[in-house]
$ cat model_4.cif   # mmCIF, C-alpha atoms
data_entry
loop_
_atom_site.group_PDB
_atom_site.id
_atom_site.type_symbol
_atom_site.label_atom_id
_atom_site.label_comp_id
_atom_site.auth_asym_id
_atom_site.auth_seq_id
_atom_site.Cartn_x
_atom_site.Cartn_y
_atom_site.Cartn_z
ATOM 1 C CA MET R 24 -5.142 19.946 2.228
ATOM 2 C CA PHE R 25 -2.878 21.825 -0.156
ATOM 3 C CA ARG R 26 -0.057 20.925 -2.517
ATOM 4 C CA HIS R 27 3.422 22.368 -2.692
ATOM 5 C CA ARG R 28 5.745 20.997 -5.383
ATOM 6 C CA ASN R 29 6.203 17.299 -4.561
ATOM 7 C CA SER R 30 4.554 17.451 -1.155
ATOM 8 C CA ILE R 31 1.025 17.462 0.108
ATOM 9 C CA PHE R 32 -0.054 18.773 3.480
ATOM 10 C CA VAL R 33 -2.951 16.873 5.038
ATOM 11 C CA ASN R 34 -4.068 17.502 8.607
ATOM 12 C CA GLY R 35 -0.707 19.091 9.385
ATOM 13 C CA TYR R 36 1.345 16.220 7.971
ATOM 14 C CA ASN R 37 3.775 16.715 5.102
ATOM 15 C CA THR R 38 3.394 13.680 2.860
ATOM 16 C CA GLU R 39 5.544 12.963 -0.173
ATOM 17 C CA ILE R 40 3.614 12.632 -3.443
ATOM 18 C CA GLN R 41 4.530 10.099 -6.066
ATOM 19 C CA THR R 42 2.763 10.345 -9.405
ATOM 20 C CA SER R 43 2.780 7.599 -11.999
ATOM 21 C CA GLN R 44 0.769 6.326 -14.894
ATOM 22 C CA TRP R 45 -1.867 3.675 -14.208
ATOM 23 C CA ALA R 46 -0.305 1.339 -16.792
ATOM 24 C CA THR R 47 3.078 1.602 -15.065
ATOM 25 C CA PHE R 48 1.657 0.599 -11.700
ATOM 26 C CA PHE R 49 -0.903 -1.901 -13.012
ATOM 27 C CA PRO R 50 0.193 -3.026 -16.505
ATOM 28 C CA ARG R 51 -2.478 -4.054 -19.007
ATOM 29 C CA GLU R 52 -0.576 -7.024 -20.327
ATOM 30 C CA ILE R 53 1.031 -9.639 -18.154
ATOM 31 C CA LYS R 54 3.099 -12.154 -20.075
ATOM 32 C CA THR R 55 5.319 -13.819 -17.515
ATOM 33 C CA ARG R 56 4.961 -15.425 -14.094
ATOM 34 C CA GLN R 57 7.250 -12.737 -12.659
ATOM 35 C CA GLN R 58 5.036 -9.936 -14.021
ATOM 36 C CA SER R 59 1.997 -11.694 -12.568
ATOM 37 C CA LEU R 60 3.712 -12.023 -9.202
ATOM 38 C CA VAL R 61 4.561 -8.310 -9.134
ATOM 39 C CA MET R 62 0.970 -7.426 -10.044
ATOM 40 C CA VAL R 63 -0.518 -9.621 -7.306
ATOM 41 C CA LYS R 64 1.885 -8.142 -4.724
ATOM 42 C CA ARG R 65 0.874 -4.612 -5.730
ATOM 43 C CA ILE R 66 -2.816 -5.454 -5.569
ATOM 44 C CA MET R 67 -2.353 -7.029 -2.125
ATOM 45 C CA ALA R 68 -0.383 -4.024 -0.827
ATOM 46 C CA VAL R 69 -2.925 -1.531 -2.159
ATOM 47 C CA ALA R 70 -5.862 -3.587 -0.835
ATOM 48 C CA VAL R 71 -4.496 -3.942 2.707
ATOM 49 C CA SER R 72 -3.367 -0.308 2.765
ATOM 50 C CA SER R 73 -6.721 0.944 1.467
ATOM 51 C CA ILE R 74 -8.689 -1.050 4.011
ATOM 52 C CA THR R 75 -6.568 0.164 6.928
ATOM 53 C CA TYR R 76 -6.618 3.751 5.628
ATOM 54 C CA LEU R 77 -10.361 3.935 4.996
ATOM 55 C CA ARG R 78 -11.132 2.395 8.398
ATOM 56 C CA GLY R 79 -8.791 4.894 10.087
ATOM 57 C CA ILE R 80 -6.784 2.119 11.727
ATOM 58 C CA PHE R 81 -3.463 3.991 11.509
ATOM 59 C CA PRO R 82 -2.589 7.731 11.495
ATOM 60 C CA GLY R 83 -2.316 9.498 8.134
ATOM 61 C CA ASP R 84 1.457 9.767 8.296
ATOM 62 C CA ALA R 85 1.719 5.948 8.339
ATOM 63 C CA TYR R 86 0.964 6.034 4.597
ATOM 64 C CA SER R 87 2.754 7.289 1.523
ATOM 65 C CA THR R 88 0.580 8.977 -1.087
ATOM 66 C CA HIS R 89 0.682 7.952 -4.739
ATOM 67 C CA TYR R 90 -1.282 9.540 -7.568
ATOM 68 C CA LEU R 91 -2.144 7.470 -10.603
ATOM 69 C CA GLU R 92 -2.968 9.482 -13.694
ATOM 70 C CA ALA R 93 -2.728 12.616 -11.482
ATOM 71 C CA ASP R 94 -6.246 12.218 -10.089
ATOM 72 C CA LEU R 95 -6.529 8.810 -8.411
ATOM 73 C CA CYS R 96 -5.060 8.949 -4.911
ATOM 74 C CA VAL R 97 -3.698 5.666 -3.516
ATOM 75 C CA LYS R 98 -2.440 5.391 0.070
ATOM 76 C CA VAL R 99 0.179 2.721 0.794
ATOM 77 C CA LEU R 100 1.519 1.763 4.214
ATOM 78 C CA ARG R 101 5.086 2.966 4.721
ATOM 79 C CA GLU R 102 7.811 0.380 5.252
ATOM 80 C CA ASP R 103 9.748 2.854 7.398
ATOM 81 C CA SER R 104 6.856 3.642 9.727
ATOM 82 C CA ILE R 105 7.469 4.804 13.283
ATOM 83 C CA TYR R 106 4.359 2.917 14.401
ATOM 84 C CA PRO R 107 4.999 -0.642 15.666
ATOM 85 C CA ARG R 108 1.576 -1.918 14.511
ATOM 86 C CA VAL R 109 2.218 -0.644 10.983
ATOM 87 C CA SER R 110 5.660 -2.261 10.962
ATOM 88 C CA LYS R 111 4.018 -5.507 12.080
ATOM 89 C CA ILE R 112 1.490 -5.410 9.211
ATOM 90 C CA VAL R 113 4.229 -4.595 6.679
ATOM 91 C CA LYS R 114 6.381 -7.443 8.018
ATOM 92 C CA ARG R 115 3.459 -9.860 7.688
ATOM 93 C CA MET R 116 2.723 -8.626 4.174
ATOM 94 C CA LYS R 117 6.339 -9.326 3.226
ATOM 95 C CA ALA R 118 5.964 -12.833 4.662
ATOM 96 C CA CYS R 119 2.858 -13.272 2.485
ATOM 97 C CA PHE R 120 4.834 -12.067 -0.542
ATOM 98 C CA GLU R 121 7.555 -14.624 0.188
ATOM 99 C CA ALA R 122 4.965 -17.395 0.549
ATOM 100 C CA LEU R 123 3.400 -16.245 -2.720
ATOM 101 C CA GLU R 124 6.770 -16.431 -4.494
ATOM 102 C CA LYS R 125 7.288 -19.973 -3.202
ATOM 103 C CA LYS R 126 3.735 -20.910 -4.253
ATOM 104 C CA TYR R 127 2.714 -21.636 -0.646
ATOM 105 C CA LEU R 128 0.104 -18.915 -0.245
ATOM 106 C CA GLN R 129 -3.443 -19.997 -0.999
ATOM 107 C CA MET R 130 -5.359 -17.381 0.926
ATOM 108 C CA MET R 131 -4.709 -14.205 2.881
ATOM 109 C CA ILE R 132 -7.144 -12.902 5.494
ATOM 110 C CA LEU R 133 -7.092 -9.403 6.958
ATOM 111 C CA GLU R 134 -9.244 -9.209 10.042
ATOM 112 C CA ALA R 135 -10.142 -5.831 11.506
ATOM 113 C CA CYS R 136 -11.589 -5.944 15.022
ATOM 114 C CA ALA R 137 -12.744 -3.218 17.330
ATOM 115 C CA GLU R 138 -10.241 -2.467 20.091
ATOM 116 C CA GLY R 139 -10.492 -4.927 22.954
ATOM 117 C CA HIS R 140 -12.100 -7.596 20.745
ATOM 118 C CA SER R 141 -9.036 -9.375 19.351
#

$ encode --input "model_4.cif" --output "structure tokens"
Amino acid sequence: MFRHRNSIFVNGYNTEIQTSQWATFFPREIKTRQQSLVMVKRIMAVAVSSITYLRGIFPGDAYSTHYLEADLCVKVLREDSIYPRVSKIVKRMKACFEALEKKYLQMMILEACAEGHS
């Protein structure tokens, strides 16, 4: 792995780097329902992406790389992925976000099974 300007090369893949401050991504103070909704969506996206990344479910180029405070690396599934399974997960996450906005969502379950055991 090595860095070049705003790119990072990992296992032969050129991945765009986005750096932000922790407080920008996860604000300390949440005063409105809308701010709370945004925070929950971000936490859900990071959680699902982290689980799939750490379990090696999708290839590395299925994720965008974000750095918080320049040293915390967060992988997030790409919306524009070329992988149908990634697109399916992203589509379902968006459906969860919509249900959350409408106050329908009570629980979200991400189940990871070994291949052939679904």

$ closest_residue --input "model_4.cif" --among "R:Leu100, R:Val109, R:Leu128, R:Cys136" --to "Arg65 of chain R" --atoms "all atoms listed in the file"
R:Leu100

$ closest_residue --input "model_4.cif" --among "R:Lys117, R:Ile66, R:Ser110, R:Val61" --to "Ala85 of chain R" --atoms "all atoms listed in the file"
R:Ser110

$ atom_distance --input "model_4.cif" --atom1 "atom CA of Tyr106 of chain R" --atom2 "atom CA of Met67 of chain R"
20.4 Å

$ resolve_selection --input "model_4.cif" --expression "the PyMOL selection byres ((chain R and resi 76) around 12)" --output "ChimeraX atom specification"
/R:68-75,77-88,96-101,109,135

$ residues_around --input "model_4.cif" --residues "Met62 of chain R" --least-positions-apart "6" --cutoff "10 Å" --atoms "only C-alpha atoms" --output "NGL selection string"
:R and (48-50 or 53 or 56 or 68)

$ closest_residue --input "model_4.cif" --among "R:Asp103, R:Lys111, R:Leu91, R:Leu60" --to "Lys126 of chain R" --atoms "only C-alpha atoms"
R:Leu60

$ decode --input "model_4.cif" --residues "segment 85-121 of chain R" --atoms "N, CA, C and O atoms" --output "PDB file, in the first residue's frame"
ATOM      1  N   ALA R  85     -14.668  -2.594  -4.164  1.00  0.00           N
ATOM      2  CA  ALA R  85     -16.098  -2.372  -3.953  1.00  0.00           C
ATOM      3  C   ALA R  85     -16.331  -1.293  -2.890  1.00  0.00           C
ATOM      4  O   ALA R  85     -17.467  -0.888  -2.648  1.00  0.00           O
ATOM      5  N   TYR R  86     -15.253  -0.818  -2.291  1.00  0.00           N
ATOM      6  CA  TYR R  86     -15.330   0.146  -1.187  1.00  0.00           C
ATOM      7  C   TYR R  86     -14.620   1.445  -1.539  1.00  0.00           C
ATOM      8  O   TYR R  86     -13.604   1.441  -2.227  1.00  0.00           O
ATOM      9  N   SER R  87     -15.145   2.545  -1.016  1.00  0.00           N
ATOM     10  CA  SER R  87     -14.404   3.801  -1.061  1.00  0.00           C
ATOM     11  C   SER R  87     -13.701   3.921   0.291  1.00  0.00           C
ATOM     12  O   SER R  87     -14.147   3.366   1.296  1.00  0.00           O
ATOM     13  N   THR R  88     -12.587   4.620   0.308  1.00  0.00           N
ATOM     14  CA  THR R  88     -11.794   4.761   1.517  1.00  0.00           C
ATOM     15  C   THR R  88     -11.920   6.178   2.048  1.00  0.00           C
ATOM     16  O   THR R  88     -11.749   7.137   1.303  1.00  0.00           O
ATOM     17  N   HIS R  89     -12.238   6.286   3.321  1.00  0.00           N
ATOM     18  CA  HIS R  89     -12.363   7.592   3.980  1.00  0.00           C
ATOM     19  C   HIS R  89     -11.425   7.595   5.179  1.00  0.00           C
ATOM     20  O   HIS R  89     -11.324   6.590   5.884  1.00  0.00           O
ATOM     21  N   TYR R  90     -10.750   8.700   5.393  1.00  0.00           N
ATOM     22  CA  TYR R  90      -9.891   8.840   6.571  1.00  0.00           C
ATOM     23  C   TYR R  90     -10.474   9.907   7.475  1.00  0.00           C
ATOM     24  O   TYR R  90     -10.721  11.028   7.048  1.00  0.00           O
ATOM     25  N   LEU R  91     -10.715   9.535   8.716  1.00  0.00           N
ATOM     26  CA  LEU R  91     -11.186  10.479   9.713  1.00  0.00           C
ATOM     27  C   LEU R  91     -10.000  10.858  10.581  1.00  0.00           C
ATOM     28  O   LEU R  91      -9.288   9.983  11.075  1.00  0.00           O
ATOM     29  N   GLU R  92      -9.800  12.145  10.715  1.00  0.00           N
ATOM     30  CA  GLU R  92      -8.670  12.668  11.493  1.00  0.00           C
ATOM     31  C   GLU R  92      -7.330  12.173  10.941  1.00  0.00           C
ATOM     32  O   GLU R  92      -6.361  12.059  11.667  1.00  0.00           O
ATOM     33  N   ALA R  93      -7.279  11.834   9.675  1.00  0.00           N
ATOM     34  CA  ALA R  93      -6.078  11.431   8.939  1.00  0.00           C
ATOM     35  C   ALA R  93      -5.473  10.101   9.376  1.00  0.00           C
ATOM     36  O   ALA R  93      -4.520   9.655   8.770  1.00  0.00           O
ATOM     37  N   ASP R  94      -6.024   9.446  10.392  1.00  0.00           N
ATOM     38  CA  ASP R  94      -5.427   8.172  10.789  1.00  0.00           C
ATOM     39  C   ASP R  94      -6.419   7.028  10.972  1.00  0.00           C
ATOM     40  O   ASP R  94      -6.032   5.876  11.055  1.00  0.00           O
ATOM     41  N   LEU R  95      -7.702   7.318  10.994  1.00  0.00           N
ATOM     42  CA  LEU R  95      -8.711   6.272  11.130  1.00  0.00           C
ATOM     43  C   LEU R  95      -9.290   5.987   9.747  1.00  0.00           C
ATOM     44  O   LEU R  95      -9.935   6.840   9.144  1.00  0.00           O
ATOM     45  N   CYS R  96      -9.041   4.794   9.260  1.00  0.00           N
ATOM     46  CA  CYS R  96      -9.480   4.400   7.917  1.00  0.00           C
ATOM     47  C   CYS R  96     -10.859   3.749   8.008  1.00  0.00           C
ATOM     48  O   CYS R  96     -11.054   2.809   8.767  1.00  0.00           O
ATOM     49  N   VAL R  97     -11.817   4.266   7.232  1.00  0.00           N
ATOM     50  CA  VAL R  97     -13.168   3.726   7.192  1.00  0.00           C
ATOM     51  C   VAL R  97     -13.472   3.340   5.748  1.00  0.00           C
ATOM     52  O   VAL R  97     -13.322   4.145   4.844  1.00  0.00           O
ATOM     53  N   LYS R  98     -13.887   2.099   5.542  1.00  0.00           N
ATOM     54  CA  LYS R  98     -14.263   1.611   4.218  1.00  0.00           C
ATOM     55  C   LYS R  98     -15.786   1.653   4.111  1.00  0.00           C
ATOM     56  O   LYS R  98     -16.487   1.193   5.013  1.00  0.00           O
ATOM     57  N   VAL R  99     -16.282   2.191   2.999  1.00  0.00           N
ATOM     58  CA  VAL R  99     -17.723   2.294   2.778  1.00  0.00           C
ATOM     59  C   VAL R  99     -18.044   1.717   1.404  1.00  0.00           C
ATOM     60  O   VAL R  99     -17.374   2.029   0.422  1.00  0.00           O
ATOM     61  N   LEU R 100     -19.065   0.867   1.349  1.00  0.00           N
ATOM     62  CA  LEU R 100     -19.465   0.279   0.073  1.00  0.00           C
ATOM     63  C   LEU R 100     -19.804   1.374  -0.935  1.00  0.00           C
ATOM     64  O   LEU R 100     -20.468   2.348  -0.597  1.00  0.00           O
ATOM     65  N   ARG R 101     -19.353   1.185  -2.163  1.00  0.00           N
ATOM     66  CA  ARG R 101     -19.599   2.159  -3.224  1.00  0.00           C
ATOM     67  C   ARG R 101     -21.001   1.985  -3.795  1.00  0.00           C
ATOM     68  O   ARG R 101     -21.430   0.872  -4.065  1.00  0.00           O
ATOM     69  N   GLU R 102     -21.682   3.103  -4.009  1.00  0.00           N
ATOM     70  CA  GLU R 102     -22.994   3.069  -4.653  1.00  0.00           C
ATOM     71  C   GLU R 102     -22.871   2.663  -6.117  1.00  0.00           C
ATOM     72  O   GLU R 102     -23.753   2.024  -6.665  1.00  0.00           O
ATOM     73  N   ASP R 103     -21.778   3.054  -6.744  1.00  0.00           N
ATOM     74  CA  ASP R 103     -21.581   2.824  -8.178  1.00  0.00           C
ATOM     75  C   ASP R 103     -20.774   1.559  -8.452  1.00  0.00           C
ATOM     76  O   ASP R 103     -20.040   1.487  -9.429  1.00  0.00           O
ATOM     77  N   SER R 104     -20.921   0.565  -7.623  1.00  0.00           N
ATOM     78  CA  SER R 104     -20.141  -0.660  -7.741  1.00  0.00           C
ATOM     79  C   SER R 104     -20.482  -1.443  -9.013  1.00  0.00           C
ATOM     80  O   SER R 104     -21.623  -1.456  -9.474  1.00  0.00           O
ATOM     81  N   ILE R 105     -19.467  -2.108  -9.544  1.00  0.00           N
ATOM     82  CA  ILE R 105     -19.672  -2.970 -10.711  1.00  0.00           C
ATOM     83  C   ILE R 105     -20.123  -4.372 -10.294  1.00  0.00           C
ATOM     84  O   ILE R 105     -20.437  -5.191 -11.145  1.00  0.00           O
ATOM     85  N   TYR R 106     -20.153  -4.631  -9.003  1.00  0.00           N
ATOM     86  CA  TYR R 106     -20.520  -5.942  -8.491  1.00  0.00           C
ATOM     87  C   TYR R 106     -22.003  -5.990  -8.149  1.00  0.00           C
ATOM     88  O   TYR R 106     -22.476  -5.219  -7.310  1.00  0.00           O
ATOM     89  N   PRO R 107     -22.757  -6.901  -8.773  1.00  0.00           N
ATOM     90  CA  PRO R 107     -24.207  -6.980  -8.522  1.00  0.00           C
ATOM     91  C   PRO R 107     -24.578  -7.203  -7.053  1.00  0.00           C
ATOM     92  O   PRO R 107     -25.549  -6.619  -6.566  1.00  0.00           O
ATOM     93  N   ARG R 108     -23.797  -8.014  -6.339  1.00  0.00           N
ATOM     94  CA  ARG R 108     -24.114  -8.269  -4.915  1.00  0.00           C
ATOM     95  C   ARG R 108     -23.929  -7.015  -4.072  1.00  0.00           C
ATOM     96  O   ARG R 108     -24.679  -6.784  -3.118  1.00  0.00           O
ATOM     97  N   VAL R 109     -22.938  -6.205  -4.415  1.00  0.00           N
ATOM     98  CA  VAL R 109     -22.732  -4.942  -3.690  1.00  0.00           C
ATOM     99  C   VAL R 109     -23.893  -4.000  -3.984  1.00  0.00           C
ATOM    100  O   VAL R 109     -24.451  -3.378  -3.071  1.00  0.00           O
ATOM    101  N   SER R 110     -24.266  -3.910  -5.253  1.00  0.00           N
ATOM    102  CA  SER R 110     -25.398  -3.052  -5.633  1.00  0.00           C
ATOM    103  C   SER R 110     -26.670  -3.472  -4.905  1.00  0.00           C
ATOM    104  O   SER R 110     -27.472  -2.633  -4.492  1.00  0.00           O
ATOM    105  N   LYS R 111     -26.837  -4.773  -4.724  1.00  0.00           N
ATOM    106  CA  LYS R 111     -28.009  -5.305  -4.024  1.00  0.00           C
ATOM    107  C   LYS R 111     -28.004  -4.871  -2.552  1.00  0.00           C
ATOM    108  O   LYS R 111     -29.035  -4.444  -2.022  1.00  0.00           O
ATOM    109  N   ILE R 112     -26.852  -4.968  -1.911  1.00  0.00           N
ATOM    110  CA  ILE R 112     -26.736  -4.539  -0.499  1.00  0.00           C
ATOM    111  C   ILE R 112     -27.002  -3.044  -0.378  1.00  0.00           C
ATOM    112  O   ILE R 112     -27.735  -2.603   0.503  1.00  0.00           O
ATOM    113  N   VAL R 113     -26.414  -2.253  -1.278  1.00  0.00           N
ATOM    114  CA  VAL R 113     -26.603  -0.797  -1.240  1.00  0.00           C
ATOM    115  C   VAL R 113     -28.079  -0.456  -1.447  1.00  0.00           C
ATOM    116  O   VAL R 113     -28.634   0.393  -0.740  1.00  0.00           O
ATOM    117  N   LYS R 114     -28.721  -1.131  -2.386  1.00  0.00           N
ATOM    118  CA  LYS R 114     -30.144  -0.901  -2.651  1.00  0.00           C
ATOM    119  C   LYS R 114     -30.976  -1.219  -1.407  1.00  0.00           C
ATOM    120  O   LYS R 114     -31.886  -0.478  -1.042  1.00  0.00           O
ATOM    121  N   ARG R 115     -30.642  -2.301  -0.734  1.00  0.00           N
ATOM    122  CA  ARG R 115     -31.382  -2.678   0.480  1.00  0.00           C
ATOM    123  C   ARG R 115     -31.104  -1.706   1.629  1.00  0.00           C
ATOM    124  O   ARG R 115     -31.993  -1.435   2.442  1.00  0.00           O
ATOM    125  N   MET R 116     -29.888  -1.207   1.686  1.00  0.00           N
ATOM    126  CA  MET R 116     -29.574  -0.193   2.709  1.00  0.00           C
ATOM    127  C   MET R 116     -30.402   1.072   2.465  1.00  0.00           C
ATOM    128  O   MET R 116     -30.936   1.658   3.408  1.00  0.00           O
ATOM    129  N   LYS R 117     -30.525   1.466   1.207  1.00  0.00           N
ATOM    130  CA  LYS R 117     -31.335   2.643   0.889  1.00  0.00           C
ATOM    131  C   LYS R 117     -32.799   2.412   1.267  1.00  0.00           C
ATOM    132  O   LYS R 117     -33.468   3.336   1.739  1.00  0.00           O
ATOM    133  N   ALA R 118     -33.284   1.196   1.066  1.00  0.00           N
ATOM    134  CA  ALA R 118     -34.653   0.868   1.476  1.00  0.00           C
ATOM    135  C   ALA R 118     -34.795   0.969   3.000  1.00  0.00           C
ATOM    136  O   ALA R 118     -35.811   1.453   3.505  1.00  0.00           O
ATOM    137  N   CYS R 119     -33.766   0.539   3.714  1.00  0.00           N
ATOM    138  CA  CYS R 119     -33.767   0.676   5.185  1.00  0.00           C
ATOM    139  C   CYS R 119     -33.771   2.145   5.581  1.00  0.00           C
ATOM    140  O   CYS R 119     -34.464   2.542   6.523  1.00  0.00           O
ATOM    141  N   PHE R 120     -32.992   2.963   4.866  1.00  0.00           N
ATOM    142  CA  PHE R 120     -32.955   4.398   5.163  1.00  0.00           C
ATOM    143  C   PHE R 120     -34.338   5.027   4.962  1.00  0.00           C
ATOM    144  O   PHE R 120     -34.785   5.845   5.768  1.00  0.00           O
ATOM    145  N   GLU R 121     -35.009   4.628   3.881  1.00  0.00           N
ATOM    146  CA  GLU R 121     -36.345   5.152   3.607  1.00  0.00           C
ATOM    147  C   GLU R 121     -37.319   4.727   4.707  1.00  0.00           C
ATOM    148  O   GLU R 121     -38.121   5.530   5.190  1.00  0.00           O
TER     149      GLU R 121
END
